[in-house]
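A.B. asks: What follows is target-v6.cif, mmCIF, C-alpha atoms (C1' of nucleotides).
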data_structure
loop_
_atom_site.label_atom_id
_atom_site.label_comp_id
_atom_site.auth_asym_id
_atom_site.auth_seq_id
_atom_site.Cartn_x
_atom_site.Cartn_y
_atom_site.Cartn_z
CA MET A 1 0.00 0.00 0.00
CA PRO A 2 1.83 3.02 -1.22
CA GLU A 3 2.21 5.74 1.38
CA LEU A 4 4.46 8.77 1.26
CA PRO A 5 7.80 6.89 1.23
CA GLU A 6 6.65 4.56 -1.54
CA VAL A 7 5.31 7.39 -3.68
CA GLU A 8 8.52 9.34 -3.08
CA THR A 9 10.55 6.31 -4.16
CA VAL A 10 8.51 6.06 -7.36
CA ARG A 11 8.99 9.78 -7.93
CA LEU A 12 12.76 9.54 -7.53
CA GLY A 13 12.84 6.60 -9.92
CA LEU A 14 10.69 8.23 -12.58
CA ASN A 15 12.82 11.36 -12.31
CA GLU A 16 15.75 9.29 -13.55
CA LEU A 17 13.75 7.49 -16.21
CA ILE A 18 11.19 9.64 -18.01
CA LEU A 19 12.18 13.30 -17.73
CA GLY A 20 12.34 14.89 -21.18
CA LYS A 21 10.43 12.07 -22.83
CA LYS A 22 7.57 12.87 -25.16
CA ILE A 23 4.29 11.02 -24.71
CA ALA A 24 3.39 9.24 -27.94
CA SER A 25 0.22 7.48 -26.81
CA ILE A 26 -1.88 6.72 -23.76
CA GLU A 27 -3.92 3.54 -23.90
CA VAL A 28 -6.65 3.30 -21.29
CA LEU A 29 -7.57 -0.33 -20.56
CA SER A 30 -9.80 0.43 -17.58
CA GLU A 31 -12.08 3.44 -17.89
CA LYS A 32 -12.36 4.08 -14.19
CA SER A 33 -8.57 4.28 -13.87
CA MET A 34 -8.56 7.43 -16.02
CA ARG A 35 -10.63 10.24 -14.54
CA SER A 36 -10.20 12.56 -17.49
CA ALA A 37 -12.15 12.44 -20.73
CA ARG A 38 -10.48 10.71 -23.65
CA SER A 39 -10.57 13.99 -25.54
CA ASP A 40 -8.64 15.76 -22.79
CA VAL A 41 -6.06 12.99 -22.62
CA ASP A 42 -5.50 13.30 -26.35
CA ALA A 43 -5.51 17.09 -26.39
CA PHE A 44 -3.36 17.80 -23.33
CA ALA A 45 -1.24 14.75 -22.51
CA VAL A 46 -0.45 13.01 -25.78
CA GLY A 47 2.30 14.91 -27.55
CA ALA A 48 3.52 16.64 -24.40
CA VAL A 49 6.94 16.22 -22.80
CA VAL A 50 7.41 15.22 -19.17
CA LYS A 51 9.15 18.19 -17.63
CA ASP A 52 9.22 17.53 -13.92
CA ILE A 53 7.87 15.10 -11.35
CA ASP A 54 6.44 16.26 -8.07
CA ARG A 55 4.67 14.75 -5.09
CA ARG A 56 2.07 15.99 -2.65
CA GLY A 57 1.37 13.53 0.17
CA LYS A 58 0.61 10.25 -1.56
CA LEU A 59 -0.20 11.97 -4.85
CA LEU A 60 2.28 11.81 -7.71
CA ILE A 61 2.28 14.74 -10.12
CA LEU A 62 3.81 14.55 -13.61
CA HIS A 63 4.29 18.08 -14.90
CA LEU A 64 4.15 18.38 -18.69
CA ASP A 65 5.69 21.11 -20.84
CA ASN A 66 2.32 22.55 -21.89
CA ASN A 67 1.05 23.78 -18.51
CA TYR A 68 -0.88 20.58 -17.95
CA SER A 69 -0.08 17.87 -15.42
CA ILE A 70 -1.01 14.29 -14.82
CA LEU A 71 -2.11 13.51 -11.27
CA VAL A 72 -1.52 9.90 -10.29
CA HIS A 73 -2.85 8.29 -7.13
CA LEU A 74 -1.71 4.72 -6.48
CA ARG A 75 -4.21 4.16 -3.64
CA MET A 76 -3.63 0.57 -2.49
CA THR A 77 -2.29 -1.48 -5.35
CA GLY A 78 -1.14 1.02 -7.95
CA GLN A 79 2.22 0.61 -9.65
CA MET A 80 4.10 2.84 -12.09
CA VAL A 81 6.55 0.62 -13.89
CA TYR A 82 8.92 1.84 -16.58
CA VAL A 83 10.19 -0.51 -19.26
CA ASP A 84 12.44 0.19 -22.22
CA GLN A 85 14.58 -1.93 -24.50
CA SER A 86 17.53 -2.03 -22.08
CA THR A 87 15.48 -2.85 -18.99
CA ARG A 88 13.34 -5.42 -20.78
CA PHE A 89 16.26 -7.26 -22.32
CA GLY A 90 19.31 -5.87 -20.56
CA ALA A 91 21.38 -7.18 -17.67
CA GLY A 92 20.41 -6.75 -14.06
CA HIS A 93 16.86 -7.97 -14.29
CA PRO A 94 16.20 -11.55 -13.24
CA ASN A 95 14.00 -13.62 -15.50
CA ASP A 96 11.16 -13.62 -13.00
CA SER A 97 11.18 -9.83 -12.80
CA LEU A 98 7.81 -8.21 -13.19
CA ILE A 99 8.89 -6.17 -16.19
CA HIS A 100 9.24 -9.22 -18.41
CA SER A 101 5.54 -9.99 -18.15
CA LEU A 102 4.06 -6.54 -18.70
CA PRO A 103 1.40 -5.77 -19.59
CA ASP A 104 -0.46 -8.19 -17.33
CA SER A 105 -4.01 -8.63 -16.05
CA SER A 106 -3.64 -5.69 -13.65
CA THR A 107 -2.42 -3.21 -16.27
CA ARG A 108 -4.91 -0.33 -16.54
CA ILE A 109 -3.08 2.35 -18.51
CA ILE A 110 -0.18 2.05 -20.94
CA CYS A 111 1.77 5.21 -21.70
CA THR A 112 4.31 4.97 -24.50
CA PHE A 113 6.98 7.52 -25.28
CA ASP A 114 8.23 8.48 -28.72
CA ASP A 115 11.54 6.69 -28.08
CA GLY A 116 9.73 3.38 -27.63
CA ALA A 117 9.87 3.25 -23.83
CA THR A 118 6.71 2.38 -21.92
CA LEU A 119 5.23 3.36 -18.58
CA TYR A 120 2.71 0.85 -17.23
CA PHE A 121 0.09 1.81 -14.68
CA ASN A 122 -0.87 -1.42 -12.96
CA ASP A 123 -3.59 -1.46 -10.35
CA GLN A 124 -5.07 -4.73 -9.30
CA ARG A 125 -8.00 -3.26 -7.42
CA LYS A 126 -8.73 -0.28 -9.66
CA PHE A 127 -8.82 2.20 -6.77
CA GLY A 128 -6.03 4.32 -8.15
CA TYR A 129 -6.33 6.81 -10.98
CA TRP A 130 -4.71 9.16 -13.48
CA MET A 131 -6.15 12.60 -14.14
CA VAL A 132 -5.03 15.20 -16.67
CA VAL A 133 -5.46 18.74 -15.33
CA PRO A 134 -4.20 22.24 -16.02
CA THR A 135 -1.20 22.77 -13.74
CA SER A 136 -2.65 26.02 -12.44
CA GLN A 137 -5.73 24.20 -11.19
CA ILE A 138 -4.02 21.46 -9.17
CA SER A 139 -4.29 23.46 -5.96
CA GLU A 140 -8.04 23.75 -6.51
CA ASP A 141 -8.52 20.02 -6.87
CA ALA A 142 -10.91 18.87 -4.16
CA PHE A 143 -8.44 16.35 -2.79
CA VAL A 144 -5.30 18.47 -3.03
CA ALA A 145 -6.92 21.54 -1.51
CA LYS A 146 -7.68 19.74 1.74
CA LEU A 147 -4.32 18.06 2.23
CA GLY A 148 -2.42 18.84 5.41
CA PRO A 149 1.27 19.78 5.56
CA GLU A 150 4.09 17.76 4.02
CA PRO A 151 5.75 15.90 6.88
CA LEU A 152 9.26 16.03 5.38
CA LEU A 153 9.39 19.79 4.85
CA PRO A 154 11.11 21.93 7.51
CA GLU A 155 7.94 23.92 8.16
CA PHE A 156 6.33 20.78 9.55
CA THR A 157 7.42 21.43 13.11
CA ALA A 158 6.27 19.72 16.27
CA SER A 159 4.09 22.70 17.13
CA VAL A 160 2.47 22.69 13.70
CA PHE A 161 1.79 19.00 14.13
CA SER A 162 0.23 19.55 17.53
CA GLU A 163 -2.02 22.27 16.15
CA ARG A 164 -3.10 20.05 13.29
CA LEU A 165 -3.94 17.27 15.72
CA ASN A 166 -6.32 19.59 17.51
CA ARG A 167 -8.56 19.44 14.43
CA ARG A 168 -9.40 15.91 15.54
CA LYS A 169 -9.50 16.13 19.31
CA GLY A 170 -12.47 13.83 19.60
CA THR A 171 -11.06 10.83 17.84
CA ASN A 172 -8.20 8.45 18.52
CA ILE A 173 -4.62 9.29 17.63
CA LYS A 174 -4.34 6.68 14.90
CA ALA A 175 -7.41 7.95 13.04
CA ALA A 176 -6.02 11.48 13.40
CA ILE A 177 -2.64 10.80 11.81
CA LEU A 178 -4.24 8.73 9.04
CA ASP A 179 -6.40 11.76 8.20
CA GLN A 180 -4.76 13.33 5.16
CA THR A 181 -6.15 16.74 6.08
CA VAL A 182 -4.20 16.64 9.37
CA LEU A 183 -0.94 15.82 7.63
CA ALA A 184 -0.30 14.35 4.21
CA GLY A 185 1.21 10.97 3.54
CA VAL A 186 0.79 8.73 6.57
CA GLY A 187 -0.90 5.39 5.94
CA ASN A 188 -1.38 2.25 7.94
CA ILE A 189 2.22 1.04 8.01
CA TYR A 190 3.86 4.26 9.15
CA ALA A 191 1.03 5.08 11.54
CA ASP A 192 1.68 1.83 13.42
CA GLU A 193 5.46 2.19 13.30
CA ALA A 194 5.46 5.81 14.44
CA LEU A 195 3.01 5.18 17.29
CA PHE A 196 5.14 2.26 18.48
CA SER A 197 8.29 4.36 18.31
CA ALA A 198 6.62 7.13 20.31
CA LYS A 199 5.16 4.58 22.78
CA ILE A 200 1.60 5.76 22.27
CA HIS A 201 -1.36 3.39 22.18
CA PRO A 202 -3.24 3.97 18.90
CA SER A 203 -6.60 4.11 20.66
CA THR A 204 -5.59 7.03 22.83
CA LEU A 205 -7.93 9.97 22.47
CA VAL A 206 -6.14 12.87 20.77
CA ALA A 207 -7.11 15.16 23.64
CA ASN A 208 -5.25 12.81 25.99
CA VAL A 209 -1.99 12.79 24.06
CA ALA A 210 0.34 15.01 26.07
CA GLU A 211 2.45 17.66 24.41
CA GLU A 212 5.66 15.70 25.01
CA GLN A 213 4.12 12.66 23.41
CA ARG A 214 3.10 14.75 20.42
CA GLU A 215 6.68 15.88 20.06
CA GLU A 216 7.87 12.29 20.18
CA LEU A 217 5.27 11.26 17.63
CA HIS A 218 6.22 14.12 15.34
CA GLU A 219 9.85 13.02 15.43
CA ALA A 220 8.87 9.37 14.95
CA ILE A 221 6.76 10.11 11.86
CA VAL A 222 9.57 12.05 10.22
CA ASP A 223 12.22 9.48 11.17
CA VAL A 224 10.23 6.45 10.07
CA MET A 225 9.45 8.00 6.69
CA ASN A 226 13.03 9.06 6.06
CA LEU A 227 14.29 5.61 7.03
CA SER A 228 11.80 3.98 4.70
CA ILE A 229 12.76 6.20 1.76
CA GLN A 230 16.39 5.17 2.36
CA HIS A 231 15.32 1.56 1.94
CA GLY A 232 13.09 2.05 -1.07
CA GLY A 233 9.81 1.95 0.82
CA SER A 234 7.74 -0.98 2.05
CA SER A 235 6.59 -3.85 -0.12
CA ASP A 236 3.85 -5.72 1.67
CA LYS A 237 2.16 -7.28 -1.32
CA ASN A 238 1.90 -5.15 -4.38
CA TYR A 239 4.21 -2.21 -4.10
CA VAL A 240 7.13 -1.92 -6.51
CA ASN A 241 9.19 1.07 -7.60
CA ALA A 242 9.50 2.54 -11.09
CA GLU A 243 11.85 -0.28 -12.07
CA GLY A 244 9.48 -2.97 -10.86
CA LYS A 245 11.55 -3.71 -7.76
CA ARG A 246 10.33 -4.16 -4.22
CA GLY A 247 11.30 -2.03 -1.23
CA SER A 248 12.92 -3.47 1.89
CA TYR A 249 11.72 -1.23 4.70
CA LEU A 250 9.49 -3.90 6.23
CA THR A 251 12.57 -5.83 7.33
CA PHE A 252 13.17 -2.85 9.63
CA ALA A 253 9.56 -2.53 10.77
CA GLN A 254 9.15 -3.17 14.47
CA VAL A 255 5.45 -3.94 14.73
CA PHE A 256 3.78 -3.91 11.30
CA ARG A 257 2.93 -7.48 10.23
CA ARG A 258 4.86 -8.76 13.23
CA GLU A 259 1.98 -10.02 15.36
CA GLY A 260 3.05 -13.00 17.45
CA GLN A 261 6.69 -11.96 17.40
CA ALA A 262 8.67 -10.59 20.32
CA CYS A 263 8.87 -6.84 20.75
CA VAL A 264 12.44 -5.69 20.06
CA VAL A 265 12.28 -3.35 23.03
CA CYS A 266 10.70 -5.37 25.85
CA GLY A 267 10.18 -8.90 24.53
CA ASP A 268 6.43 -8.91 24.99
CA THR A 269 4.36 -10.36 22.14
CA ILE A 270 3.25 -8.00 19.37
CA GLN A 271 -0.52 -8.02 18.98
CA LYS A 272 -2.80 -7.22 16.09
CA ILE A 273 -5.91 -5.31 17.09
CA ARG A 274 -8.45 -3.15 15.27
CA VAL A 275 -8.34 0.65 15.59
CA ALA A 276 -9.96 3.25 13.34
CA GLY A 277 -11.28 0.40 11.21
CA ARG A 278 -7.75 -0.74 10.37
CA GLY A 279 -5.63 -3.68 11.27
CA THR A 280 -3.31 -2.24 13.93
CA HIS A 281 -0.10 -3.61 15.39
CA ILE A 282 1.04 -2.79 18.90
CA CYS A 283 3.28 -3.87 21.72
CA PRO A 284 0.85 -4.02 24.66
CA THR A 285 3.65 -3.29 27.12
CA CYS A 286 5.42 -0.44 25.32
CA GLN A 287 2.18 1.20 24.23
CA GLN A 288 0.15 1.49 27.39
CA LEU A 289 -3.23 3.11 27.30
CA SER A 290 -2.89 6.43 29.04
CA ILE A 291 -5.93 7.64 30.96
CA LYS A 292 -9.11 7.38 28.96
CA ARG A 293 -9.18 6.07 25.45
CA ARG A 294 -11.57 6.31 22.58
CA THR A 295 -13.97 3.42 22.99
CA GLN A 296 -13.95 0.96 20.14
CA LYS A 297 -16.41 -1.68 19.10
"C1'" DC B 1 -20.72 19.53 12.86
"C1'" DA B 2 -17.77 15.64 14.33
"C1'" DC B 3 -17.03 11.21 13.91
"C1'" DT B 4 -17.69 6.31 12.28
"C1'" DT B 5 -18.91 2.96 9.00
"C1'" DG B 6 -19.61 1.08 4.42
"C1'" DA B 7 -18.56 1.02 -0.49
"C1'" DC B 8 -15.41 0.75 -3.98
"C1'" DC B 9 -12.39 -3.46 -6.13
"C1'" DT B 10 -9.96 -8.00 -6.77
"C1'" DG B 11 -6.72 -11.52 -5.32
"C1'" DT B 12 -5.55 -14.42 -1.55
"C1'" DC B 13 -6.14 -17.14 2.32
"C1'" DC B 14 -8.77 -19.86 5.65
"C1'" DG B 15 -12.13 -23.15 7.18
"C1'" DC B 16 -15.41 -26.57 6.02
"C1'" DT C 1 -10.77 -29.87 -4.64
"C1'" DG C 2 -14.24 -26.45 -4.43
"C1'" DC C 3 -16.64 -22.82 -2.38
"C1'" DG C 4 -18.08 -19.04 0.55
"C1'" DG C 5 -16.60 -15.55 3.26
"C1'" DA C 6 -13.27 -12.65 5.57
"C1'" DC C 7 -9.58 -9.69 4.77
"C1'" DA C 8 -6.28 -6.22 2.86
"C1'" DG C 9 -6.55 -0.41 3.16
"C1'" DG C 10 -6.88 5.01 0.81
"C1'" DT C 11 -10.46 7.83 0.15
"C1'" DC C 12 -15.17 9.41 -0.26
"C1'" DA C 13 -20.11 9.10 0.52
"C1'" DA C 14 -23.49 7.94 3.61
"C1'" DG C 15 -25.04 7.18 8.16
"C1'" DT C 16 -25.19 8.15 13.30
#
Transcribe the structure of this file into structure tokens.
C.D. replies:
Amino acid sequence: MPELPEVETVRLGLNELILGKKIASIEVLSEKSMRSARSDVDAFAVGAVVKDIDRRGKLLILHLDNNYSILVHLRMTGQMVYVDQSTRFGAGHPNDSLIHSLPDSSTRIICTFDDGATLYFNDQRKFGYWMVVPTSQISEDAFVAKLGPEPLLPEFTASVFSERLNRRKGTNIKAAILDQTVLAGVGNIYADEALFSAKIHPSTLVANVAEEQREELHEAIVDVMNLSIQHGGSSDKNYVNAEGKRGSYLTFAQVFRREGQACVVCGDTIQKIRVAGRGTHICPTCQQLSIKRRTQK
DNA sequence: CACTTGACCTGTCCGC
DNA sequence: TGCGGACAGGTCAAGT
């Protein structure tokens, strides 16, 4: 499930692979994966050159040279995989590599460039999307306009984080940090990892998270995301980078998908519970419930 | 208004 | 082996 570190890894990869390339065609295999009209895709994306690649939270933004941009959201199972002659047939790619079998049954959009290279948008569950929009209107997009601050920018300070949390005083801390309007980019993996690192139980009511704990959580979110980017993100099931390769962060994860294992800090057994409607991983000893918590069903 | 739950999808896994 | 159902989770719409 691509969260900020995975999307950032894809962005870094695409920056090395498709900048300056001219889009020759865009084939839409699944209508709901392309939110723009066919006529807009043809008029404003086909024929344009990829100028720059940006990211806002979990949203990938391909800036074209004609003042239009392609917004790409990977949601849960989206992949952006680049293939050209050298990667398809060249050295360094094992025979079982994903790129040798593309397109496959999950391919939803095929973008070809005028040099013969191809960018595949795969999305098993069809939750993700591409959208062609005028660059000047991105900030007015309903989703973009509501996004909270970027956690990896210097202006995202502990006090900004604390203020943002106060928008959701009545809910639990996990639901609050998953809320993209509070801050942009945290998903289920990094929510669990950051809360463990900060020793906060995910069911704790936001109003009951002390200022010092908020500072610890702020630091944990930033640290866990930076560490993940260094390791190419997390590949639970579907995620791969722009070269079709998996990320290795989950080998460093301390609680996510580690239920039944011993906590690296105290040795207690990691549990999987349900918080904010999500599978949630905690160490019951390290993450004690402080005072009252948000009641859960 | 604030918050929670269900829907959207499809592949996988589990129990019978 | 086959089948039904639960499950995975980012976001939005609907419900409380």
A.B. asks: Under the rule of at most 10 Å, produce a per-residue listing of chain A near chain B: chain, number, name, the closest pair of atoms, and the distance in Å, as CSV, using all atoms listed in the file.
C.D. replies:
residue,atom,partner,partner_atom,distance
A:Ser106,CA,B:DT10,C1',9.6
A:Asp123,CA,B:DT10,C1',9.8
A:Gln124,CA,B:DT10,C1',6.4
A:Arg125,CA,B:DC9,C1',4.6
A:Lys126,CA,B:DC9,C1',6.0
A:Phe127,CA,B:DC9,C1',6.7
A:Arg167,CA,B:DA2,C1',10.0
A:Arg168,CA,B:DA2,C1',8.5
A:Lys169,CA,B:DA2,C1',9.7
A:Gly170,CA,B:DA2,C1',7.7
A:Thr171,CA,B:DC3,C1',7.2
A:Ala276,CA,B:DT4,C1',8.4
A:Gly277,CA,B:DT5,C1',8.3
A.B. asks: For each of A:Val83, A:Ile189, A:Val46, A:Val160, take the minimum atom-to-atom distance to chain C, counting all atoms listed in the file, then give the residue where this is smallest.
C.D. replies: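 Using all atoms listed in the file, chain C sits closest to A:Ile189.
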A.B. asks: For chain C, list the residues within 12 Å of chain A, counting all atoms listed in the file, and write the list as a list in words.
C.D. replies: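 For chain C, the answer reads DC7, DA8, DG9, DG10, DT11 and DC12 of chain C.
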A.B. asks: Between atom CA of Thr157 of chain A and atom CA of Ile173 of chain A, measure the distance and give it in Å to one decimal.
C.D. replies: 17.7 Å
A.B. asks: Take the PyMOL selection byres ((chain A and resi 267) around 12), apply it to the structure above, and return the hits as a list in words.
C.D. replies: Gln254, Val255, Gly260, Gln261, Ala262, Cys263, Val264, Val265, Cys266, Asp268, Thr269, Ile270, Cys283, Pro284, Thr285 and Cys286 of chain A
A.B. asks: As a list in words, please: the residues near Ile200 of chain A (cut-off 8 Å, all atoms listed in the file, same-chain neighbours under 2 positions excluded).
C.D. replies: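 Those residues are Leu195, Phe196, Ser197, Ala198, Pro202, Thr204, Gln213, Cys286, Gln287, Gln288 and Leu289 of chain A.
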A.B. asks: So how far away is atom CA of Ser203 of chain A from atom CA of Val275 of chain A, in Å?
C.D. replies: 6.4 Å
A.B. asks: I'd like the interatomic distance between atom CA of Ala220 of chain A and atom CA of Ala207 of chain A, to a tenth of an Å.
C.D. replies: 19.1 Å
A.B. asks: How would you write, as a PyMOL selection string, the residues chosen by the PyMOL selection byres ((chain A and resi 24) around 8) on this structure?
C.D. replies: chain A and resi 22-23+25-26+46-47+111-114
A.B. asks: Identify, on the basis of all atoms listed in the file, every residue whose closest approach to Met80 of chain A does not exceed 6 Å; exclude the query and any residue fewer than 5 positions from it along the same chain; express the result as a list of chain:residue names.
C.D. replies: A:Tyr120, A:Phe121, A:Ala242
A.B. asks: Restricted to C-alpha atoms, what would the selected residues look like written as a JSON list (two decimals), in the coordinates of the input?
C.D. replies:
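Output file again.json is given in full below:
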[["chain", "number", "residue", "atom", "x", "y", "z"],
["A", 120, "TYR", "CA", 2.71, 0.85, -17.23],
["A", 121, "PHE", "CA", 0.09, 1.81, -14.68],
["A", 242, "ALA", "CA", 9.50, 2.54, -11.09]]
A.B. asks: Mind telling me what the PyMOL selection byres ((chain A and resi 50-56) around 6) catches here, as a VMD selection string?
C.D. replies: chain A and resid 19 to 21 49 57 59 to 65
A.B. asks: Would you list the contacts of Val28 of chain A as a PyMOL selection string, taking every protein, DNA or RNA residue within 7 Å and counting only C-alpha atoms (C1' of nucleotides), but skipping same-chain residues closer than 5 positions in sequence?
C.D. replies: chain A and resi 34+108-110
A.B. asks: Around segment 5-11 of chain B, fit a box with edges along x, y and z, padding it by 4 Å on each side, then list its centre and edge lengths in Å to one decimal as AutoDock Vina command-line options.
C.D. replies:
--center_x -13.2 --center_y -4.3 --center_z 1.1 --size_x 20.9 --size_y 22.5 --size_z 23.8
A.B. asks: Please provide as a PyMOL selection string all residues within 12 Å of Ile99 of chain A, with the sequence filter that same-chain residues fewer than 2 positions apart are discarded (counting all atoms listed in the file).
C.D. replies: chain A and resi 79-90+92-97+101-104+107+118-122+240-245
